[in-house]
file upload-v3.pdb (PDB, C-alpha atoms)
ATOM      1  CA  MET A 387     -19.414  -1.316 -17.173
ATOM      2  CA  ILE A 388     -15.733  -1.592 -16.192
ATOM      3  CA  ALA A 389     -14.347  -1.739 -12.657
ATOM      4  CA  VAL A 390     -10.792  -0.691 -11.792
ATOM      5  CA  VAL A 391      -9.592  -1.636  -8.314
ATOM      6  CA  TYR A 392      -6.360  -0.924  -6.458
ATOM      7  CA  SER A 393      -6.000  -2.781  -3.182
ATOM      8  CA  GLY A 394      -3.354  -2.526  -0.516
ATOM      9  CA  SER A 395      -3.585  -4.683   2.576
ATOM     10  CA  ARG A 396      -5.534  -2.004   4.452
ATOM     11  CA  THR A 397      -7.859  -0.433   1.852
ATOM     12  CA  ALA A 398      -9.164  -1.260  -1.608
ATOM     13  CA  PHE A 399     -10.256   1.606  -3.877
ATOM     14  CA  TRP A 400     -13.033   0.800  -6.380
ATOM     15  CA  LYS A 401     -14.028   2.865  -9.425
ATOM     16  CA  LEU A 402     -16.876   1.771 -11.698
ATOM     17  CA  THR A 403     -17.081   3.335 -15.147
ATOM     18  CA  GLN A 404     -19.564   3.387 -18.009
ATOM     19  CA  ASN A 405     -18.551   4.823 -21.399
ATOM     20  CA  GLY A 406     -15.480   6.404 -19.850
ATOM     21  CA  GLU A 407     -17.367   8.142 -17.031
ATOM     22  CA  VAL A 408     -17.171   7.186 -13.337
ATOM     23  CA  VAL A 409     -20.692   6.121 -12.338
ATOM     24  CA  ALA A 410     -19.939   4.724  -8.869
ATOM     25  CA  HIS A 411     -17.067   4.316  -6.442
ATOM     26  CA  CYS A 412     -16.393   2.966  -2.970
ATOM     27  CA  ASN A 413     -13.662   1.781  -0.622
ATOM     28  CA  THR A 414     -13.560  -1.611   1.036
ATOM     29  CA  THR A 415     -11.248  -3.370   3.423
ATOM     30  CA  GLY A 416      -8.075  -4.351   1.616
ATOM     31  CA  ILE A 417      -8.179  -7.640  -0.295
ATOM     32  CA  ASN A 418      -4.780  -9.300  -0.031
ATOM     33  CA  PRO A 419      -4.942 -12.971  -1.090
ATOM     34  CA  CYS A 420      -2.054 -13.789   1.249
ATOM     35  CA  PHE A 421      -4.152 -12.875   4.284
ATOM     36  CA  VAL A 422      -7.847 -13.208   3.385
ATOM     37  CA  ASP A 423      -9.637 -16.314   2.112
ATOM     38  CA  LYS A 424     -12.568 -16.673  -0.282
ATOM     39  CA  LYS A 425     -15.194 -16.516   2.463
ATOM     40  CA  THR A 426     -13.741 -13.284   3.854
ATOM     41  CA  ILE A 427     -13.479 -11.692   0.403
ATOM     42  CA  LEU A 428     -17.101 -12.495  -0.409
ATOM     43  CA  HIS A 429     -18.146 -11.096   2.962
ATOM     44  CA  ILE A 430     -16.279  -7.854   2.180
ATOM     45  CA  LEU A 431     -17.963  -7.572  -1.228
ATOM     46  CA  ASN A 432     -21.453  -8.321   0.095
ATOM     47  CA  LYS A 433     -21.166  -5.517   2.650
ATOM     48  CA  LYS A 434     -20.978  -2.867  -0.101
ATOM     49  CA  VAL A 435     -24.342  -1.930  -1.618
ATOM     50  CA  VAL A 436     -22.629  -0.299  -4.606
ATOM     51  CA  LEU A 437     -20.931  -3.583  -5.517
ATOM     52  CA  VAL A 438     -23.993  -5.744  -4.854
ATOM     53  CA  ASN A 439     -26.216  -3.517  -6.987
ATOM     54  CA  ASN A 440     -23.750  -3.419  -9.890
ATOM     55  CA  ALA A 441     -22.369  -6.959  -9.713
ATOM     56  CA  GLU A 442     -24.246  -8.175 -12.801
ATOM     57  CA  ASN A 443     -23.558  -5.022 -14.822
ATOM     58  CA  ILE A 444     -19.772  -5.154 -14.588
ATOM     59  CA  LYS A 445     -18.310  -6.833 -17.669
ATOM     60  CA  LYS A 446     -14.606  -6.414 -16.952
ATOM     61  CA  ILE A 447     -12.536  -5.932 -13.794
ATOM     62  CA  TYR A 448      -8.915  -4.809 -13.585
ATOM     63  CA  PHE A 449      -7.848  -5.713 -10.051
ATOM     64  CA  PHE A 450      -4.422  -4.756  -8.674
ATOM     65  CA  ALA A 451      -3.804  -6.359  -5.293
ATOM     66  CA  ALA A 452      -1.080  -6.512  -2.693
ATOM     67  CA  GLY A 453      -0.141 -10.166  -2.262
ATOM     68  CA  ALA A 454      -1.116 -11.188  -5.805
ATOM     69  CA  SER A 455       2.496 -11.947  -6.591
ATOM     70  CA  SER A 456       2.275 -15.505  -7.933
ATOM     71  CA  ALA A 457       0.222 -17.138 -10.677
ATOM     72  CA  ASP A 458      -1.606 -19.255  -8.096
ATOM     73  CA  ARG A 459      -2.546 -16.231  -5.979
ATOM     74  CA  LYS A 460      -3.765 -14.319  -9.034
ATOM     75  CA  ASP A 461      -5.810 -17.283 -10.262
ATOM     76  CA  GLU A 462      -7.295 -17.886  -6.817
ATOM     77  CA  LEU A 463      -8.352 -14.254  -6.442
ATOM     78  CA  ALA A 464      -9.725 -14.084  -9.995
ATOM     79  CA  LYS A 465     -11.910 -17.139  -9.363
ATOM     80  CA  THR A 466     -13.227 -15.684  -6.118
ATOM     81  CA  LEU A 467     -14.086 -12.369  -7.776
ATOM     82  CA  SER A 468     -15.706 -14.189 -10.704
ATOM     83  CA  SER A 469     -18.006 -16.036  -8.319
ATOM     84  CA  PHE A 470     -19.373 -12.660  -7.167
ATOM     85  CA  PHE A 471     -19.191 -10.739 -10.464
ATOM     86  CA  ARG A 472     -20.644 -13.584 -12.509
ATOM     87  CA  TYR A 473     -20.733 -11.846 -15.902
ATOM     88  CA  SER A 474     -17.344 -10.209 -15.694
ATOM     89  CA  LYS A 475     -13.952 -11.028 -17.131
ATOM     90  CA  VAL A 476     -11.467 -10.555 -14.289
ATOM     91  CA  VAL A 477      -7.835  -9.524 -14.779
ATOM     92  CA  VAL A 478      -5.681  -9.696 -11.622
ATOM     93  CA  GLU A 479      -2.207  -8.211 -11.270
ATOM     94  CA  ASN A 480      -0.154  -7.339  -8.220
ATOM     95  CA  ASP A 481      -0.140  -3.839  -6.732
ATOM     96  CA  LEU A 482       3.417  -3.160  -7.911
ATOM     97  CA  PHE A 483       2.317  -3.627 -11.530
ATOM     98  CA  GLY A 484      -0.558  -1.222 -10.894
ATOM     99  CA  ALA A 485       1.728   1.330  -9.267
ATOM    100  CA  ALA A 486       4.168   1.108 -12.188
ATOM    101  CA  LYS A 487       1.404   1.578 -14.758
ATOM    102  CA  ALA A 488       0.050   4.545 -12.818
ATOM    103  CA  VAL A 489       3.322   6.516 -12.896
ATOM    104  CA  CYS A 490       5.116   5.175 -15.970
ATOM    105  CA  TYR A 491       2.282   4.139 -18.289
ATOM    106  CA  ASN A 492       4.320   2.522 -21.100
ATOM    107  CA  LYS A 493       7.681   4.117 -20.318
ATOM    108  CA  THR A 494      10.561   2.664 -18.315
ATOM    109  CA  GLY A 495      11.382   3.723 -14.765
ATOM    110  CA  ILE A 496      12.118   2.739 -11.181
ATOM    111  CA  VAL A 497       8.928   2.476  -9.154
ATOM    112  CA  SER A 498       8.833   2.357  -5.371
ATOM    113  CA  MET A 499       5.763   1.718  -3.258
ATOM    114  CA  LEU A 500       5.485   3.270   0.195
ATOM    115  CA  GLY A 501       2.018   2.575   1.509
ATOM    116  CA  SER A 502       0.847  -0.081   3.936
ATOM    117  CA  GLY A 503       3.808  -2.133   2.713
ATOM    118  CA  ALA A 504       6.873  -1.382   0.609
ATOM    119  CA  ASN A 505       8.409  -2.666  -2.591
ATOM    120  CA  CYS A 506      10.446  -1.451  -5.536
ATOM    121  CA  ALA A 507      11.102  -2.603  -9.081
ATOM    122  CA  TYR A 508      12.421  -1.619 -12.478
ATOM    123  CA  PHE A 509       9.523  -1.271 -14.933
ATOM    124  CA  ASP A 510      10.470  -1.986 -18.541
ATOM    125  CA  GLY A 511       7.366  -0.365 -20.007
ATOM    126  CA  LYS A 512       5.370  -3.581 -19.926
ATOM    127  CA  LYS A 513       5.974  -5.245 -16.579
ATOM    128  CA  PRO A 514       7.997  -4.884 -13.372
ATOM    129  CA  HIS A 515      11.111  -7.039 -13.248
ATOM    130  CA  ASN A 516      11.305  -9.674 -10.527
ATOM    131  CA  ASN A 517      13.334  -8.736  -7.457
ATOM    132  CA  ASN A 518      14.114  -9.956  -3.948
ATOM    133  CA  PHE A 519      12.558  -6.985  -2.149
ATOM    134  CA  GLY A 520       9.024  -8.206  -1.453
ATOM    135  CA  LEU A 521       9.652  -9.869   1.923
ATOM    136  CA  GLY A 522       6.453  -8.724   3.636
ATOM    137  CA  TYR A 523       5.828  -6.982   6.937
ATOM    138  CA  VAL A 524       7.836  -9.399   9.092
ATOM    139  CA  LEU A 525      11.129  -9.430   7.169
ATOM    140  CA  GLY A 526      10.833  -6.351   4.990
ATOM    141  CA  ASP A 527       8.578  -3.400   4.091
ATOM    142  CA  GLU A 528      11.195  -0.886   5.261
ATOM    143  CA  GLY A 529       9.780   2.647   5.421
ATOM    144  CA  SER A 530       6.160   1.554   5.009
ATOM    145  CA  ALA A 531       3.178   2.227   7.276
ATOM    146  CA  ASN A 532       3.515  -1.097   9.064
ATOM    147  CA  TYR A 533       7.271  -0.531   9.469
ATOM    148  CA  LEU A 534       6.605   2.879  11.026
ATOM    149  CA  GLY A 535       3.934   1.260  13.193
ATOM    150  CA  LYS A 536       6.523  -1.165  14.541
ATOM    151  CA  MET A 537       8.878   1.725  15.303
ATOM    152  CA  LEU A 538       6.140   3.603  17.150
ATOM    153  CA  LEU A 539       5.061   0.593  19.211
ATOM    154  CA  ARG A 540       8.655  -0.257  20.059
ATOM    155  CA  SER A 541       9.219   3.299  21.286
ATOM    156  CA  PHE A 542       6.014   3.199  23.330
ATOM    157  CA  LEU A 543       6.683  -0.202  24.889
ATOM    158  CA  THR A 544      10.278   0.670  25.798
ATOM    159  CA  ASN A 545       9.321   4.061  27.293
ATOM    160  CA  LYS A 546      11.189   6.016  24.622
ATOM    161  CA  LEU A 547       8.295   8.151  23.420
ATOM    162  CA  PRO A 548       8.411  11.763  24.605
ATOM    163  CA  LYS A 549       5.862  12.303  27.367
ATOM    164  CA  GLU A 550       3.493  14.403  25.268
ATOM    165  CA  LEU A 551       3.414  11.752  22.517
ATOM    166  CA  GLU A 552       2.988   8.969  25.059
ATOM    167  CA  THR A 553      -0.015  10.786  26.547
ATOM    168  CA  LYS A 554      -1.546  11.252  23.082
ATOM    169  CA  PHE A 555      -0.907   7.614  22.215
ATOM    170  CA  ILE A 556      -2.605   6.324  25.366
ATOM    171  CA  ARG A 557      -5.536   8.711  24.937
ATOM    172  CA  THR A 558      -5.961   7.748  21.267
ATOM    173  CA  TYR A 559      -5.558   3.967  21.431
ATOM    174  CA  ASN A 560      -5.943   2.913  25.083
ATOM    175  CA  LEU A 561      -3.592  -0.041  24.542
ATOM    176  CA  ASP A 562      -1.261  -1.700  26.997
ATOM    177  CA  LYS A 563       1.657  -4.074  26.403
ATOM    178  CA  SER A 564      -0.368  -7.287  26.662
ATOM    179  CA  GLN A 565      -3.010  -6.032  24.220
ATOM    180  CA  ILE A 566      -0.398  -4.929  21.690
ATOM    181  CA  LEU A 567       1.486  -8.225  21.813
ATOM    182  CA  GLU A 568      -1.789 -10.139  21.565
ATOM    183  CA  LYS A 569      -2.776  -8.267  18.394
ATOM    184  CA  ILE A 570       0.650  -8.742  16.809
ATOM    185  CA  TYR A 571       1.441 -12.340  17.726
ATOM    186  CA  ARG A 572      -1.921 -14.039  18.181
ATOM    187  CA  LYS A 573      -4.577 -12.170  16.202
ATOM    188  CA  PRO A 574      -4.975 -12.345  12.405
ATOM    189  CA  GLN A 575      -3.826  -9.564  10.052
ATOM    190  CA  ALA A 576      -1.166  -8.078  12.296
ATOM    191  CA  ASN A 577       0.065  -6.125   9.268
ATOM    192  CA  ILE A 578      -3.168  -4.121   9.166
ATOM    193  CA  PHE A 579      -2.946  -3.436  12.899
ATOM    194  CA  LEU A 580       0.605  -2.147  12.470
ATOM    195  CA  SER A 581      -0.183   0.016   9.448
ATOM    196  CA  SER A 582      -3.169   1.601  11.228
ATOM    197  CA  PHE A 583      -0.748   3.685  13.309
ATOM    198  CA  LEU A 584       0.120   5.753  10.244
ATOM    199  CA  ASP A 585      -2.786   7.985  11.311
ATOM    200  CA  PHE A 586      -0.830   8.853  14.474
ATOM    201  CA  PHE A 587       2.182   9.844  12.385
ATOM    202  CA  ILE A 588       0.041  12.070  10.163
ATOM    203  CA  GLN A 589      -1.741  13.698  13.114
ATOM    204  CA  ASN A 590       1.604  14.500  14.761
ATOM    205  CA  ASN A 591       3.620  15.236  11.638
ATOM    206  CA  LYS A 592       5.278  18.338  13.087
ATOM    207  CA  HIS A 593       6.736  16.606  16.138
ATOM    208  CA  GLY A 594      10.500  16.084  16.026
ATOM    209  CA  HIS A 595      10.356  12.514  17.340
ATOM    210  CA  ILE A 596       7.797  11.531  14.695
ATOM    211  CA  LEU A 597       9.890  13.095  11.935
ATOM    212  CA  LYS A 598      12.987  11.335  13.244
ATOM    213  CA  MET A 599      11.234   7.950  12.936
ATOM    214  CA  VAL A 600      10.012   8.837   9.444
ATOM    215  CA  ASP A 601      13.543   9.860   8.404
ATOM    216  CA  GLU A 602      14.978   6.630   9.810
ATOM    217  CA  GLY A 603      12.341   4.602   7.950
ATOM    218  CA  PHE A 604      13.000   6.425   4.674
ATOM    219  CA  GLU A 605      16.760   6.032   5.015
ATOM    220  CA  LYS A 606      16.272   2.305   5.549
ATOM    221  CA  HIS A 607      14.010   2.230   2.487
ATOM    222  CA  PHE A 608      16.646   3.917   0.346
ATOM    223  CA  GLN A 609      19.439   1.683   1.607
ATOM    224  CA  THR A 610      17.376  -1.466   1.049
ATOM    225  CA  TYR A 611      15.493  -0.680  -2.178
ATOM    226  CA  ILE A 612      16.422   2.532  -3.957
ATOM    227  CA  LEU A 613      20.218   2.615  -3.929
ATOM    228  CA  PRO A 614      20.656  -0.955  -5.240
ATOM    229  CA  MET A 615      18.092  -0.227  -7.953
ATOM    230  CA  LYS A 616      19.690   3.078  -8.971
ATOM    231  CA  ASN A 617      23.094   1.411  -9.090
ATOM    232  CA  LYS A 618      21.653  -1.087 -11.545
ATOM    233  CA  TYR A 619      19.613   1.421 -13.573
ATOM    234  CA  PRO A 620      21.361   4.785 -13.010
ATOM    235  CA  LYS A 621      19.658   6.644 -15.869
ATOM    236  CA  GLU A 622      16.077   5.711 -15.001
ATOM    237  CA  ASP A 623      13.615   8.160 -13.434
ATOM    238  CA  LEU A 624      12.543   7.487  -9.854
ATOM    239  CA  HIS A 625       8.829   7.359  -8.972
ATOM    240  CA  PHE A 626       7.021   6.848  -5.657
ATOM    241  CA  VAL A 627       3.477   5.661  -5.016
ATOM    242  CA  GLY A 628       1.568   5.393  -1.749
ATOM    243  CA  THR A 629       0.142   7.200   1.256
ATOM    244  CA  VAL A 630       3.382   7.277   3.262
ATOM    245  CA  ALA A 631       5.320   8.731   0.326
ATOM    246  CA  ALA A 632       2.660  11.382  -0.303
ATOM    247  CA  GLU A 633       2.003  12.383   3.307
ATOM    248  CA  PHE A 634       5.711  12.806   4.047
ATOM    249  CA  GLN A 635       6.955  13.809   0.630
ATOM    250  CA  ASP A 636       9.123  16.637   2.011
ATOM    251  CA  ARG A 637      11.020  14.141   4.182
ATOM    252  CA  LEU A 638      11.182  11.699   1.271
ATOM    253  CA  MET A 639      12.693  14.310  -1.037
ATOM    254  CA  HIS A 640      15.126  15.299   1.713
ATOM    255  CA  THR A 641      16.295  11.684   1.959
ATOM    256  CA  ALA A 642      16.671  11.523  -1.825
ATOM    257  CA  GLU A 643      18.755  14.716  -1.827
ATOM    258  CA  LYS A 644      21.095  13.223   0.773
ATOM    259  CA  HIS A 645      21.917  10.569  -1.819
ATOM    260  CA  ASP A 646      22.088  13.038  -4.752
ATOM    261  CA  LEU A 647      18.908  11.609  -6.251
ATOM    262  CA  THR A 648      15.873  13.337  -7.740
ATOM    263  CA  ILE A 649      12.326  12.026  -7.453
ATOM    264  CA  LYS A 650      10.270  12.633 -10.583
ATOM    265  CA  THR A 651       6.835  11.582  -9.350
ATOM    266  CA  ILE A 652       5.049  11.120  -6.022
ATOM    267  CA  ILE A 653       1.383  10.110  -6.068
ATOM    268  CA  LYS A 654      -0.804   9.048  -3.176
ATOM    269  CA  GLU A 655      -3.444   6.889  -4.858
ATOM    270  CA  PRO A 656      -2.690   5.258  -8.231
ATOM    271  CA  ILE A 657      -6.356   4.418  -8.839
ATOM    272  CA  LEU A 658      -7.098   7.620 -10.792
ATOM    273  CA  ASN A 659      -4.186   7.169 -13.204
ATOM    274  CA  LEU A 660      -5.072   3.504 -13.641
ATOM    275  CA  LEU A 661      -8.638   4.483 -14.350
ATOM    276  CA  LYS A 662      -7.551   6.792 -17.177
ATOM    277  CA  HIS A 663      -5.276   4.145 -18.629
ATOM    278  CA  TYR A 664      -7.677   1.205 -18.609
ATOM    279  CA  THR A 665     -10.895   2.999 -19.509
ATOM    280  CA  ASN A 666      -9.219   4.566 -22.541
TER     281      ASN A 666
END

call {"tool": "encode", "arguments": {"input": "upload-v3.pdb", "output": "structure tokens"}}
result
Amino acid sequence: MIAVVYSGSRTAFWKLTQNGEVVAHCNTTGINPCFVDKKTILHILNKKVVLVNNAENIKKIYFFAAGASSADRKDELAKTLSSFFRYSKVVVENDLFGAAKAVCYNKTGIVSMLGSGANCAYFDGKKPHNNNFGLGYVLGDEGSANYLGKMLLRSFLTNKLPKELETKFIRTYNLDKSQILEKIYRKPQANIFLSSFLDFFIQNNKHGHILKMVDEGFEKHFQTYILPMKNKYPKEDLHFVGTVAAEFQDRLMHTAEKHDLTIKTIIKEPILNLLKHYTN
């Protein structure tokens, strides 16, 4: 049995295959080695009956994780997974590598992630090239779910949300200023809290104020990631991966058109393409 896993900071998607056929699947809380320790990871795994019941049957795991950007992080996560899946060989790569494989396979291209976080890289057909974009939710992640979450909270806390959106926000989340600041500055995994507000964007995706924030986030993403990359690799195709890119693909393509760029691929969840690649 082979397991293929793609994990952002918010959600991890698991597919278990036998002889090329999916025999089980599940979602867990995201497993980002920058934010969760061994004890937390094992707790996440033990909560899923599908994983507990198949732990000894899985012989190989391909795990693509947000935050697995260094050799130490990859090794640490691989050891933790191996302690749960005792008979499995574990291969850990970062989520950007997984995203690139999902849209490019073995071809070259520019790959941008717009999910819980954001990143971008040139993929040479074998691996993404190192860049200075991956600054995380505090300093970077422009255009991502947690970036949009920050924009929404800032608008709410500074009384700049239109009244109808403010009413919906209060009714949906029942949060005040002190609670929001507590969750961001004092509670763990503030990035997941911020990215959770993507649901509000999706639920209100026809509202002009919501679309304005999305457009501003996408423009910032293009200015920060895409334009420098296209200047460096002008002939390469442009691909996007992630929930934000997929849910607002019309706005994303509109932003691309403003810069005379064409997007070749937009996919929401790379797990299915990765599954085809690694089980074949």

call {"tool": "resolve_selection", "arguments": {"input": "upload-v3.pdb", "expression": "the PyMOL selection byres ((chain A and resi 512) around 12)", "output": "list in words"}}
result
Phe483, Gly484, Ala486, Lys487, Cys490, Tyr491, Asn492, Lys493, Thr494, Gly495, Tyr508, Phe509, Asp510, Gly511, Lys513, Pro514 and His515 of chain A

call {"tool": "closest_residue", "arguments": {"input": "upload-v3.pdb", "among": "A:Tyr473, A:Phe634, A:Phe579, A:Phe555", "to": "Asn532 in chain A", "atoms": "all atoms listed in the file"}}
result
A:Phe579

call {"tool": "atom_distance", "arguments": {"input": "upload-v3.pdb", "atom1": "CA of Val477 in chain A", "atom2": "CA of Val435 in chain A"}}
result
22.4 Å

call {"tool": "resolve_selection", "arguments": {"input": "upload-v3.pdb", "expression": "the PyMOL selection byres ((chain A and resi 649) around 8)", "output": "list of chain:residue names"}}
result
A:Asp623, A:Leu624, A:His625, A:Phe626, A:Met639, A:Ala642, A:Leu647, A:Thr648, A:Lys650, A:Thr651, A:Ile652

call {"tool": "resolve_selection", "arguments": {"input": "upload-v3.pdb", "expression": "the PyMOL selection byres ((chain A and resi 654) around 8)", "output": "MDAnalysis selection string"}}
result
chainID A and resid 627:633 652:653 655:656

call {"tool": "write_last_selection", "arguments": {"input": "upload-v3.pdb", "atoms": "C-alpha atoms", "output": "mmCIF file, in the coordinates of the input"}}
result
data_model
loop_
_atom_site.group_PDB
_atom_site.id
_atom_site.type_symbol
_atom_site.label_atom_id
_atom_site.label_comp_id
_atom_site.auth_asym_id
_atom_site.auth_seq_id
_atom_site.Cartn_x
_atom_site.Cartn_y
_atom_site.Cartn_z
ATOM 1 C CA VAL A 627 3.477 5.661 -5.016
ATOM 2 C CA GLY A 628 1.568 5.393 -1.749
ATOM 3 C CA THR A 629 0.142 7.200 1.256
ATOM 4 C CA VAL A 630 3.382 7.277 3.262
ATOM 5 C CA ALA A 631 5.320 8.731 0.326
ATOM 6 C CA ALA A 632 2.660 11.382 -0.303
ATOM 7 C CA GLU A 633 2.003 12.383 3.307
ATOM 8 C CA ILE A 652 5.049 11.120 -6.022
ATOM 9 C CA ILE A 653 1.383 10.110 -6.068
ATOM 10 C CA GLU A 655 -3.444 6.889 -4.858
ATOM 11 C CA PRO A 656 -2.690 5.258 -8.231
#

call {"tool": "atom_distance", "arguments": {"input": "upload-v3.pdb", "atom1": "CA of Ala504 in chain A", "atom2": "CA of Lys644 in chain A"}}
result
20.4 Å

call {"tool": "atom_distance", "arguments": {"input": "upload-v3.pdb", "atom1": "CA of Phe470 in chain A", "atom2": "CA of Ala441 in chain A"}}
result
6.9 Å

call {"tool": "closest_residue", "arguments": {"input": "upload-v3.pdb", "among": "A:Val476, A:Ala398, A:Ile496, A:Leu428", "to": "Thr415 in chain A", "atoms": "only C-alpha atoms"}}
result
A:Ala398

call {"tool": "closest_residue", "arguments": {"input": "upload-v3.pdb", "among": "A:Tyr571, A:Tyr619, A:Phe471, A:Phe449", "to": "Ala507 in chain A", "atoms": "all atoms listed in the file"}}
result
A:Tyr619

call {"tool": "build_atoms", "arguments": {"input": "upload-v3.pdb", "residues": "range 526-547 of chain A", "atoms": "N, CA and C atoms", "output": "short mmCIF file (atom, residue, chain, number, x, y, z; two decimals), in the frame of the given file"}}
result
data_model
loop_
_atom_site.label_atom_id
_atom_site.label_comp_id
_atom_site.auth_asym_id
_atom_site.auth_seq_id
_atom_site.Cartn_x
_atom_site.Cartn_y
_atom_site.Cartn_z
N GLY A 526 10.52 -7.47 5.86
CA GLY A 526 10.83 -6.35 4.99
C GLY A 526 9.93 -5.15 5.20
N ASP A 527 9.48 -4.56 4.08
CA ASP A 527 8.58 -3.40 4.09
C ASP A 527 9.19 -2.17 4.74
N GLU A 528 10.51 -2.02 4.64
CA GLU A 528 11.20 -0.89 5.26
C GLU A 528 10.63 0.45 4.78
N GLY A 529 10.30 1.32 5.73
CA GLY A 529 9.78 2.65 5.42
C GLY A 529 8.28 2.73 5.26
N SER A 530 7.61 1.59 5.24
CA SER A 530 6.16 1.55 5.01
C SER A 530 5.37 1.91 6.26
N ALA A 531 4.04 1.93 6.14
CA ALA A 531 3.18 2.23 7.28
C ALA A 531 3.33 1.19 8.37
N ASN A 532 3.38 -0.10 7.99
CA ASN A 532 3.52 -1.10 9.06
C ASN A 532 4.91 -1.07 9.69
N TYR A 533 5.91 -0.68 8.91
CA TYR A 533 7.27 -0.53 9.47
C TYR A 533 7.30 0.62 10.47
N LEU A 534 6.68 1.75 10.11
CA LEU A 534 6.60 2.88 11.03
C LEU A 534 5.79 2.51 12.26
N GLY A 535 4.73 1.72 12.05
CA GLY A 535 3.93 1.26 13.19
C GLY A 535 4.76 0.46 14.18
N LYS A 536 5.64 -0.40 13.66
CA LYS A 536 6.52 -1.16 14.54
C LYS A 536 7.47 -0.25 15.31
N MET A 537 7.98 0.79 14.63
CA MET A 537 8.88 1.72 15.30
C MET A 537 8.16 2.46 16.43
N LEU A 538 6.92 2.88 16.15
CA LEU A 538 6.14 3.60 17.15
C LEU A 538 5.84 2.72 18.36
N LEU A 539 5.40 1.50 18.11
CA LEU A 539 5.06 0.59 19.21
C LEU A 539 6.30 0.24 20.03
N ARG A 540 7.41 0.05 19.34
CA ARG A 540 8.65 -0.26 20.06
C ARG A 540 9.05 0.91 20.98
N SER A 541 8.91 2.13 20.47
CA SER A 541 9.22 3.30 21.29
C SER A 541 8.27 3.40 22.48
N PHE A 542 7.00 3.12 22.25
CA PHE A 542 6.01 3.20 23.33
C PHE A 542 6.28 2.14 24.39
N LEU A 543 6.53 0.91 23.95
CA LEU A 543 6.68 -0.20 24.89
C LEU A 543 8.00 -0.15 25.64
N THR A 544 8.97 0.56 25.11
CA THR A 544 10.28 0.67 25.80
C THR A 544 10.46 2.04 26.46
N ASN A 545 9.32 2.76 26.60
CA ASN A 545 9.32 4.06 27.29
C ASN A 545 10.26 5.08 26.66
N LYS A 546 10.33 5.07 25.32
CA LYS A 546 11.19 6.02 24.62
C LYS A 546 10.42 7.10 23.88
N LEU A 547 9.08 7.07 24.00
CA LEU A 547 8.30 8.15 23.42
C LEU A 547 8.36 9.37 24.33
#
